[in-house]
Amino acid sequence: MPRMDLQSGVIALVLLAVAFAIIAILSGLRTIRSARKMTFYRLRRQRETTGWRLLGLAVFLLVMAVVMPVYGLPMAYEYFPPSPTPLLTPTITLVPPITLTPTITLSPTTTDTPLVSDTPTASATPFIPAAILAQFTSVVTPDPDVVFSPLLFTTAGGSYPAVAPSTAFQNPVGHLYAIFSYDHMLPGVQWTALWLRDGQLVNPDSIPWNGATGGYGFTDWNPSPDKWTPGIYDVQIFVGQRFIISGRFIVQGDAPTVTPTSTPSRTSTPFRTSSPSDSPTPRVTPSTVPTSTP
C-alpha cells in the first residue's frame, strides 16, 4: 500500500476543512432560522447562539483551509524533510533477431603480407618518416591543447579567410595554399606539413614554429607545372610527432609537359692568321782578299 506524503496529507486536510465548513454554514443557518419560530425567549436565544457558533466554526475552518497549504506545508518540511522518491527506470527488452546460419565457409587461400614502407600512405595512420624525424632541430615540448582548424585549399594566396576554397583543381594548378587557423602553439616547437599524392610523399616541410600562439597560417607548394600529376592529394599537419589534422583535394587533367629548349653554347669564331711570307734567299757576296804578288 503506498504511503501518503506531506503534501498529499495537507491537501486532504484542506478538503476536509472546506467540507466541514460547508456543513457548519448550512447547520448554522438552519439553526438561526428555526430559532425565530420559537415562542420562548430564552430558548430562542440559545438556539441563535448555537447557530452563530456554527457560522464562526465555518469561518475558522475556511481560514485554516487557506493557511495550511501556505504556511503549514513549509513548516512541516522543516521538521520532516522530504526524501527523494526513486523514479522507475523503464526497461526495454530486446528481442534477439533471427540469426542466419552460414552453410558454406570460404577458406582464404592467399594472405597478403603488408609491406613496411617509410612513406606514409593515406589509408594508414599518419606518421612522420624517419628521414624527416632525423632532421628535427627543436626540443620544445608541444602544448597538449594545441588545435588546428580544417584545411582550406586555394590558389588565390595565403590570406585568411581563404578566397574561393575548393577540393578539386584543374591543371595547370600553379601555386597552391593550405590555409588554417590555430591556437595554443608554442614558439620554437617543431611543426611538419607533409604533402602526399596517392599516398606517396611529394613535398615535406618541417621547421621550428616561428609564429604566434594563436592566429592563422598556411603551408604551400609551388612546384614546376609537370609535378602536378592528376590524383588524390593529402596534406597532413603534425606538431612535434603528434598528428593534428589532414585535408584532401583532387587534381584533374594532365599536367603540362615541359618542352626542353636548347641552351646556346659559346663557339670560337675562326679568325684569319697571316701566313709566313717567303724570305729572300740570302746571296753570298764575294769579298776581295789581298794576295801577295811574287
# chains A, B, ... in the order shown; residues from 1 in each chain; ligands from 1
>>> residues_around(residues="Pro187 (chain A)", least_positions_apart="2", cutoff="12 Å", atoms="only C-alpha atoms", output="PDB file with C-alpha atoms, in the first residue's frame")
ATOM      1  CA  SER A 138      63.540  21.741 -31.922  1.00  0.00           C
ATOM      2  CA  VAL A 139      63.490  20.471 -28.332  1.00  0.00           C
ATOM      3  CA  VAL A 140      60.327  22.378 -27.274  1.00  0.00           C
ATOM      4  CA  THR A 141      57.542  20.118 -25.978  1.00  0.00           C
ATOM      5  CA  PRO A 142      54.217  20.799 -27.762  1.00  0.00           C
ATOM      6  CA  ASP A 143      51.229  22.067 -25.790  1.00  0.00           C
ATOM      7  CA  ASP A 183      45.672  28.076 -31.115  1.00  0.00           C
ATOM      8  CA  HIS A 184      47.967  27.041 -28.216  1.00  0.00           C
ATOM      9  CA  MET A 185      51.101  26.850 -30.383  1.00  0.00           C
ATOM     10  CA  VAL A 189      58.085  23.828 -31.385  1.00  0.00           C
ATOM     11  CA  GLN A 190      58.718  21.591 -34.408  1.00  0.00           C
ATOM     12  CA  TRP A 191      55.828  21.511 -36.843  1.00  0.00           C
ATOM     13  CA  ILE A 207      60.700  23.735 -39.380  1.00  0.00           C
ATOM     14  CA  PRO A 208      60.539  25.156 -35.830  1.00  0.00           C
ATOM     15  CA  TRP A 209      57.428  27.280 -35.315  1.00  0.00           C
ATOM     16  CA  ASN A 210      58.181  30.995 -35.691  1.00  0.00           C
ATOM     17  CA  GLY A 211      54.652  32.395 -35.403  1.00  0.00           C
ATOM     18  CA  ALA A 212      52.356  33.455 -32.571  1.00  0.00           C
ATOM     19  CA  THR A 213      50.496  31.214 -30.134  1.00  0.00           C
ATOM     20  CA  GLY A 214      47.206  31.756 -31.960  1.00  0.00           C
ATOM     21  CA  VAL A 239      53.114  19.297 -34.105  1.00  0.00           C
TER      22      VAL A 239
END
>>> closest_atom_pairs(of="region 179-232 of chain A", to="region 148-152 of chain A", cutoff="8 Å", atoms="only C-alpha atoms", output="CSV")
residue,atom,partner,partner_atom,distance
A:Ile179,CA,A:Leu152,CA,5.1
A:Phe180,CA,A:Leu151,CA,5.2
A:Ser181,CA,A:Ser149,CA,5.3
A:Tyr182,CA,A:Phe148,CA,4.4
A:Asp183,CA,A:Phe148,CA,6.8
>>> closest_residue(among="A:Val163, A:Ile22, A:Asn203, A:Gly158", to="Gly217 (chain A)", atoms="only C-alpha atoms")
A:Gly158
>>> select_by_dssp(residues="region 133-271 of chain A", states="helix (DSSP H, G or I)", output="list in words")
Leu133, Pro225, Asp226 and Lys227 of chain A
>>> closest_residue(among="A:Ala17, A:Ile32, A:Val251, A:Met75", to="Leu54 (chain A)", atoms="only C-alpha atoms")
A:Ile32
>>> select_by_dssp(residues="region 9-256 of chain A", states="strand (DSSP E or B)", output="MDAnalysis selection string")
chainID A and resid 147:148 152:154 168:170 176:183 190:197 200:208 215:221 231:239 242:252
>>> atom_distance(atom1="CA of His175 (chain A)", atom2="CA of Asp220 (chain A)")
7.3 Å
>>> residues_around(residues="Thr219 (chain A)", least_positions_apart="6", cutoff="7 Å", atoms="only C-alpha atoms", output="ChimeraX atom specification")
/A:177-179,193
>>> write_last_selection(atoms="N, CA, C and O atoms", output="CSV table (one decimal), in the first residue's frame")
chain,number,residue,atom,x,y,z
A,177,TYR,N,47.8,26.8,-51.8
A,177,TYR,CA,47.9,27.1,-50.4
A,177,TYR,C,46.9,26.2,-49.6
A,177,TYR,O,45.8,26.0,-50.0
A,178,ALA,N,47.4,25.7,-48.4
A,178,ALA,CA,46.5,25.1,-47.5
A,178,ALA,C,46.4,26.0,-46.2
A,178,ALA,O,47.4,26.1,-45.5
A,179,ILE,N,45.3,26.7,-46.1
A,179,ILE,CA,45.1,27.7,-45.0
A,179,ILE,C,44.4,27.2,-43.8
A,179,ILE,O,43.5,26.3,-44.0
A,193,ALA,N,54.5,19.7,-42.2
A,193,ALA,CA,53.4,19.6,-43.2
A,193,ALA,C,53.9,18.6,-44.3
A,193,ALA,O,54.9,18.9,-44.9
>>> residues_around(residues="Pro223 (chain A)", least_positions_apart="3", cutoff="10 Å", atoms="only C-alpha atoms", output="mmCIF file with all heavy atoms, in the first residue's frame")
data_model
loop_
_atom_site.group_PDB
_atom_site.id
_atom_site.type_symbol
_atom_site.label_atom_id
_atom_site.label_comp_id
_atom_site.auth_asym_id
_atom_site.auth_seq_id
_atom_site.Cartn_x
_atom_site.Cartn_y
_atom_site.Cartn_z
ATOM 1 N N VAL A 173 47.695 23.764 -62.164
ATOM 2 C CA VAL A 173 47.286 24.212 -60.840
ATOM 3 C C VAL A 173 48.051 25.456 -60.429
ATOM 4 O O VAL A 173 47.483 26.452 -60.008
ATOM 5 C CB VAL A 173 47.478 23.078 -59.806
ATOM 6 C CG1 VAL A 173 47.109 23.581 -58.408
ATOM 7 C CG2 VAL A 173 46.635 21.880 -60.187
ATOM 8 N N GLY A 174 49.370 25.418 -60.510
ATOM 9 C CA GLY A 174 50.165 26.561 -60.091
ATOM 10 C C GLY A 174 50.488 26.512 -58.610
ATOM 11 O O GLY A 174 50.734 25.453 -58.032
ATOM 12 N N HIS A 175 50.446 27.666 -57.959
ATOM 13 C CA HIS A 175 50.814 27.802 -56.550
ATOM 14 C C HIS A 175 49.578 27.507 -55.689
ATOM 15 O O HIS A 175 48.581 28.206 -55.766
ATOM 16 C CB HIS A 175 51.322 29.221 -56.279
ATOM 17 C CG HIS A 175 52.080 29.351 -55.009
ATOM 18 N ND1 HIS A 175 52.850 30.450 -54.700
ATOM 19 C CD2 HIS A 175 52.207 28.505 -53.955
ATOM 20 C CE1 HIS A 175 53.405 30.284 -53.504
ATOM 21 N NE2 HIS A 175 53.022 29.108 -53.035
ATOM 22 N N LEU A 176 49.662 26.481 -54.835
ATOM 23 C CA LEU A 176 48.522 26.056 -54.029
ATOM 24 C C LEU A 176 48.817 26.278 -52.550
ATOM 25 O O LEU A 176 49.929 26.016 -52.076
ATOM 26 C CB LEU A 176 48.207 24.581 -54.287
ATOM 27 C CG LEU A 176 46.904 24.068 -53.678
ATOM 28 C CD1 LEU A 176 45.710 24.792 -54.264
ATOM 29 C CD2 LEU A 176 46.762 22.568 -53.918
ATOM 30 N N VAL A 202 55.449 13.776 -51.611
ATOM 31 C CA VAL A 202 55.978 14.590 -52.707
ATOM 32 C C VAL A 202 56.557 15.912 -52.223
ATOM 33 O O VAL A 202 57.370 16.520 -52.930
ATOM 34 C CB VAL A 202 54.882 14.862 -53.762
ATOM 35 C CG1 VAL A 202 54.467 13.574 -54.455
ATOM 36 C CG2 VAL A 202 53.658 15.537 -53.138
ATOM 37 N N ASN A 203 56.167 16.376 -51.031
ATOM 38 C CA ASN A 203 56.674 17.667 -50.563
ATOM 39 C C ASN A 203 56.682 17.687 -49.038
ATOM 40 O O ASN A 203 55.653 17.952 -48.416
ATOM 41 C CB ASN A 203 55.818 18.817 -51.101
ATOM 42 C CG ASN A 203 56.310 20.171 -50.606
ATOM 43 O OD1 ASN A 203 57.510 20.403 -50.477
ATOM 44 N ND2 ASN A 203 55.381 21.074 -50.315
ATOM 45 N N ASP A 220 52.267 25.846 -48.189
ATOM 46 C CA ASP A 220 52.045 25.968 -49.620
ATOM 47 C C ASP A 220 53.015 25.082 -50.386
ATOM 48 O O ASP A 220 54.005 24.589 -49.844
ATOM 49 C CB ASP A 220 52.198 27.422 -50.064
ATOM 50 C CG ASP A 220 53.592 27.965 -49.786
ATOM 51 O OD1 ASP A 220 54.228 27.512 -48.814
ATOM 52 O OD2 ASP A 220 54.056 28.838 -50.541
ATOM 53 N N ASP A 226 54.846 20.419 -64.409
ATOM 54 C CA ASP A 226 54.771 18.992 -64.695
ATOM 55 C C ASP A 226 54.694 18.137 -63.439
ATOM 56 O O ASP A 226 54.413 16.933 -63.518
ATOM 57 C CB ASP A 226 55.984 18.573 -65.521
ATOM 58 C CG ASP A 226 57.292 18.848 -64.791
ATOM 59 O OD1 ASP A 226 57.508 20.009 -64.370
ATOM 60 O OD2 ASP A 226 58.088 17.909 -64.622
ATOM 61 N N LYS A 227 54.909 18.727 -62.235
ATOM 62 C CA LYS A 227 54.832 17.966 -60.984
ATOM 63 C C LYS A 227 53.401 17.757 -60.512
ATOM 64 O O LYS A 227 53.156 16.896 -59.663
ATOM 65 C CB LYS A 227 55.628 18.687 -59.884
ATOM 66 C CG LYS A 227 57.111 18.840 -60.183
ATOM 67 C CD LYS A 227 57.811 17.509 -60.244
ATOM 68 C CE LYS A 227 59.315 17.696 -60.454
ATOM 69 N NZ LYS A 227 60.021 16.403 -60.554
ATOM 70 N N TRP A 228 52.436 18.554 -61.048
ATOM 71 C CA TRP A 228 51.051 18.400 -60.621
ATOM 72 C C TRP A 228 50.411 17.244 -61.384
ATOM 73 O O TRP A 228 49.545 17.438 -62.235
ATOM 74 C CB TRP A 228 50.267 19.677 -60.847
ATOM 75 C CG TRP A 228 50.517 20.752 -59.831
ATOM 76 C CD1 TRP A 228 51.096 21.960 -60.043
ATOM 77 C CD2 TRP A 228 50.190 20.705 -58.439
ATOM 78 N NE1 TRP A 228 51.163 22.672 -58.874
ATOM 79 C CE2 TRP A 228 50.607 21.926 -57.864
ATOM 80 C CE3 TRP A 228 49.589 19.758 -57.620
ATOM 81 C CZ2 TRP A 228 50.441 22.211 -56.516
ATOM 82 C CZ3 TRP A 228 49.420 20.043 -56.268
ATOM 83 C CH2 TRP A 228 49.847 21.261 -55.732
#
